[in-house]
Amino acid sequence: MIDPHALIGVEIEIENMKNGAPDCEYYWNVKQGNSLRNNGLEFTSIPLRAEQLEHALNYYNERVNQNNKPDYSNRTSVHVHLNVRDMTWDQVKNFVILYCLFEKHFFHIAGTKRESSIFCVPLYKTSPKLNITQLEQCAAHWHKYYALNLCTLLGSQGLPMYGTIEFRHHIVTGK
C-alpha cells in the first residue's frame, strides 16, 4: 500500500527507439540516455500521486509502442523516487534501517537480475563505513549506483537535490 498523498517519480530507460521520442508531454519528459545504446531514451515522470501512477504507466506504454519496438536490455531499468522532503533525519534513518532489513526481499520481488548489476549494488554487498547515527554526513558520500540511492536526497555524485530516495531495483519489462 502506498500513501495516496505520497509523491512518486519514475524513470524508465529503453533502447531501440529508432523512430525517435514519442509525444508523452503530459506525464513524461524525454531525453537521451547517457548509459544507453541503440537510440536509447530515458523517460522521467512528473511527480505523481499514487493514484496517477497506473494511468501514467499505461500512457507511457501506449505512446512508446506506437511507432517503435523498444528493447529492454540489461542496460535499461526502472527507478522509482519517493519524495521524503517532509521526513526528519530520524525518520530517514529509520527508513534506511527498514530498507536494510528487507533489501534481499526487494530483490526477490523485483527479480534477481538487477542484484548482480553494477548499476544497482545491494547495500548488503557493500562495505560502507556507515554508522546510522551519522547518516546525514554519509549521505553526501553515498554512491549513486547503490540499490537504495540517497544521492538524490541531498544532491551529490553529480545528481540534483530532489529531496527523494531512489530505488533502482526493477528491470524494464515493457508491460
# chains A, B, ... in the order shown; residues from 1 in each chain; ligands from 1
>>> residues_around(residues="Val84 (chain A)", least_positions_apart="2", cutoff="9 Å", atoms="only C-alpha atoms", output="list in words")
Ala6, Leu7, Leu82, Asp86, Met87, Thr88, Val92, Leu153, Gly163, Thr164 and Ile165 of chain A
>>> residues_around(residues="Asn68 (chain A)", least_positions_apart="3", cutoff="7 Å", atoms="only C-alpha atoms", output="compact mmCIF listing (two decimals) with N, CA and C atoms, in the first residue's frame")
# COMPACT_ATOMS: atom_id res chain seq x y z
N MET A 17 14.86 2.99 -29.92
CA MET A 17 13.80 3.96 -30.25
C MET A 17 14.18 4.64 -31.56
N LYS A 18 14.28 3.85 -32.63
CA LYS A 18 14.76 4.31 -33.94
C LYS A 18 13.89 5.41 -34.54
N ASN A 19 12.62 5.41 -34.22
CA ASN A 19 11.72 6.42 -34.77
C ASN A 19 11.58 7.63 -33.86
N VAL A 64 4.99 4.78 -26.31
CA VAL A 64 6.29 4.23 -26.67
C VAL A 64 6.16 3.15 -27.74
N ASN A 65 5.11 2.36 -27.68
CA ASN A 65 4.94 1.25 -28.60
C ASN A 65 4.22 1.63 -29.90
>>> select_by_dssp(residues="region 19-143 of chain A", states="strand (DSSP E)", output="VMD selection string")
chain A and resid 28 to 32 41 to 45 48 to 49 78 to 83
>>> closest_atom_pairs(of="region 2-119 of chain A", to="region 142-150 of chain A", cutoff="9 Å", atoms="only C-alpha atoms", output="Markdown table")
| residue | atom | partner | partner_atom | distance |
| --- | --- | --- | --- | --- |
| A:Val96 | CA | A:Leu148 | CA | 8.4 |
| A:Tyr99 | CA | A:Leu148 | CA | 8.1 |
| A:Glu103 | CA | A:Ala147 | CA | 8.7 |
| A:Arg114 | CA | A:Ala147 | CA | 8.8 |
| A:Glu115 | CA | A:Ala147 | CA | 8.3 |
| A:Ile118 | CA | A:Tyr145 | CA | 7.1 |
| A:Phe119 | CA | A:Tyr145 | CA | 4.8 |
>>> write_last_selection(atoms="N, CA and C atoms", output="PDB file, in the first residue's frame")
ATOM      1  N   VAL A  96      16.002   3.886   6.257  1.00  0.00           N
ATOM      2  CA  VAL A  96      17.178   3.163   5.761  1.00  0.00           C
ATOM      3  C   VAL A  96      17.363   1.852   6.530  1.00  0.00           C
ATOM      4  N   TYR A  99      14.784  -0.497   5.253  1.00  0.00           N
ATOM      5  CA  TYR A  99      15.187  -0.936   3.923  1.00  0.00           C
ATOM      6  C   TYR A  99      16.232  -2.050   4.023  1.00  0.00           C
ATOM      7  N   GLU A 103      15.999  -5.585   2.173  1.00  0.00           N
ATOM      8  CA  GLU A 103      16.620  -5.427   0.861  1.00  0.00           C
ATOM      9  C   GLU A 103      16.611  -6.709   0.036  1.00  0.00           C
ATOM     10  N   ARG A 114      18.795  -7.717 -11.408  1.00  0.00           N
ATOM     11  CA  ARG A 114      19.402  -6.432 -11.038  1.00  0.00           C
ATOM     12  C   ARG A 114      20.362  -6.577  -9.861  1.00  0.00           C
ATOM     13  N   GLU A 115      20.223  -7.619  -9.092  1.00  0.00           N
ATOM     14  CA  GLU A 115      21.060  -7.807  -7.907  1.00  0.00           C
ATOM     15  C   GLU A 115      22.534  -7.949  -8.260  1.00  0.00           C
ATOM     16  N   ILE A 118      26.035  -3.717 -11.879  1.00  0.00           N
ATOM     17  CA  ILE A 118      26.910  -2.702 -11.295  1.00  0.00           C
ATOM     18  C   ILE A 118      26.187  -1.364 -11.134  1.00  0.00           C
ATOM     19  N   PHE A 119      24.973  -1.262 -11.706  1.00  0.00           N
ATOM     20  CA  PHE A 119      24.184  -0.038 -11.595  1.00  0.00           C
ATOM     21  C   PHE A 119      23.129  -0.126 -10.494  1.00  0.00           C
TER      22      PHE A 119
END
>>> atom_distance(atom1="CA of Asn61 (chain A)", atom2="CA of Thr44 (chain A)")
13.3 Å
>>> closest_atom_pairs(of="region 25-113 of chain A", to="region 121-127 of chain A", cutoff="9 Å", atoms="only C-alpha atoms", output="tab-separated table")
residue	atom	partner	partner_atom	distance
A:Cys100	CA	A:Leu123	CA	7.2
A:Glu103	CA	A:Pro122	CA	7.4
A:Lys104	CA	A:Pro122	CA	8.2
A:Phe107	CA	A:Pro122	CA	8.7
>>> write_last_selection(atoms="all heavy atoms", output="PDB file, in the first residue's frame")
ATOM      1  N   CYS A 100      17.242  -1.849   4.857  1.00  0.00           N
ATOM      2  CA  CYS A 100      18.315  -2.845   5.002  1.00  0.00           C
ATOM      3  C   CYS A 100      17.763  -4.196   5.455  1.00  0.00           C
ATOM      4  O   CYS A 100      18.225  -5.245   4.995  1.00  0.00           O
ATOM      5  CB  CYS A 100      19.373  -2.354   5.977  1.00  0.00           C
ATOM      6  SG  CYS A 100      20.371  -1.002   5.327  1.00  0.00           S
ATOM      7  N   GLU A 103      15.999  -5.585   2.173  1.00  0.00           N
ATOM      8  CA  GLU A 103      16.620  -5.427   0.861  1.00  0.00           C
ATOM      9  C   GLU A 103      16.611  -6.709   0.036  1.00  0.00           C
ATOM     10  O   GLU A 103      16.243  -6.694  -1.153  1.00  0.00           O
ATOM     11  CB  GLU A 103      18.054  -4.915   1.004  1.00  0.00           C
ATOM     12  CG  GLU A 103      18.720  -4.678  -0.344  1.00  0.00           C
ATOM     13  CD  GLU A 103      20.098  -4.108  -0.222  1.00  0.00           C
ATOM     14  OE1 GLU A 103      20.944  -4.713   0.482  1.00  0.00           O
ATOM     15  OE2 GLU A 103      20.350  -3.049  -0.827  1.00  0.00           O
ATOM     16  N   LYS A 104      16.996  -7.826   0.619  1.00  0.00           N
ATOM     17  CA  LYS A 104      17.015  -9.085  -0.145  1.00  0.00           C
ATOM     18  C   LYS A 104      15.615  -9.438  -0.639  1.00  0.00           C
ATOM     19  O   LYS A 104      15.453  -9.961  -1.740  1.00  0.00           O
ATOM     20  CB  LYS A 104      17.592 -10.217   0.697  1.00  0.00           C
ATOM     21  CG  LYS A 104      19.091 -10.121   0.864  1.00  0.00           C
ATOM     22  CD  LYS A 104      19.641 -11.314   1.601  1.00  0.00           C
ATOM     23  CE  LYS A 104      21.148 -11.185   1.764  1.00  0.00           C
ATOM     24  NZ  LYS A 104      21.742 -12.353   2.393  1.00  0.00           N
ATOM     25  N   PHE A 107      14.814  -7.455  -3.784  1.00  0.00           N
ATOM     26  CA  PHE A 107      15.424  -8.052  -4.976  1.00  0.00           C
ATOM     27  C   PHE A 107      14.674  -9.320  -5.379  1.00  0.00           C
ATOM     28  O   PHE A 107      14.551  -9.614  -6.570  1.00  0.00           O
ATOM     29  CB  PHE A 107      16.907  -8.356  -4.744  1.00  0.00           C
ATOM     30  CG  PHE A 107      17.778  -7.154  -4.924  1.00  0.00           C
ATOM     31  CD1 PHE A 107      18.324  -6.512  -3.829  1.00  0.00           C
ATOM     32  CD2 PHE A 107      18.051  -6.666  -6.188  1.00  0.00           C
ATOM     33  CE1 PHE A 107      19.126  -5.396  -3.997  1.00  0.00           C
ATOM     34  CE2 PHE A 107      18.859  -5.554  -6.367  1.00  0.00           C
ATOM     35  CZ  PHE A 107      19.399  -4.916  -5.265  1.00  0.00           C
TER      36      PHE A 107
END
>>> residues_around(residues="Tyr72 (chain A)", least_positions_apart="5", cutoff="9 Å", atoms="only C-alpha atoms", output="ChimeraX atom specification")
/A:13-16,77,171-174
>>> residues_around(residues="Phe43 (chain A)", least_positions_apart="3", cutoff="9 Å", atoms="only C-alpha atoms", output="list in words")
Val10, Glu11, Ile12, Glu13, Ile14, Cys24, Trp28, Asn29, Val30, Lys31, Gln32, Gly33 and Tyr60 of chain A
>>> select_by_dssp(residues="chain A", states="alpha helix (DSSP H)", output="PyMOL selection string")
chain A and resi 50-64+89-110+135-139+151-154
>>> atom_distance(atom1="CA of Leu41 (chain A)", atom2="CA of Thr152 (chain A)")
20.4 Å
>>> closest_residue(among="A:Gln134, A:Thr76, A:Gln66, A:Gln91", to="Asn34 (chain A)", atoms="only C-alpha atoms")
A:Thr76
>>> residues_around(residues="Ala110 (chain A)", least_positions_apart="4", cutoff="7 Å", atoms="only C-alpha atoms", output="list of chain:residue names")
A:Phe106, A:His169, A:His170
>>> write_last_selection(atoms="N, CA and C atoms", output="tab-separated table (two decimals), in the first residue's frame")
chain	number	residue	atom	x	y	z
A	106	PHE	N	13.29	-7.25	-1.45
A	106	PHE	CA	13.01	-6.37	-2.58
A	106	PHE	C	13.60	-6.93	-3.87
A	169	HIS	N	15.89	-0.98	-8.26
A	169	HIS	CA	15.81	-2.44	-8.31
A	169	HIS	C	15.20	-3.05	-9.56
A	170	HIS	N	14.30	-2.38	-10.21
A	170	HIS	CA	13.44	-3.06	-11.17
A	170	HIS	C	13.98	-3.04	-12.60
>>> atom_distance(atom1="CA of Ala21 (chain A)", atom2="CA of Lys69 (chain A)")
11.9 Å
>>> residues_around(residues="Asp90 (chain A)", least_positions_apart="5", cutoff="10 Å", atoms="only C-alpha atoms", output="ChimeraX atom specification")
/A:95-96,132-133,135-136
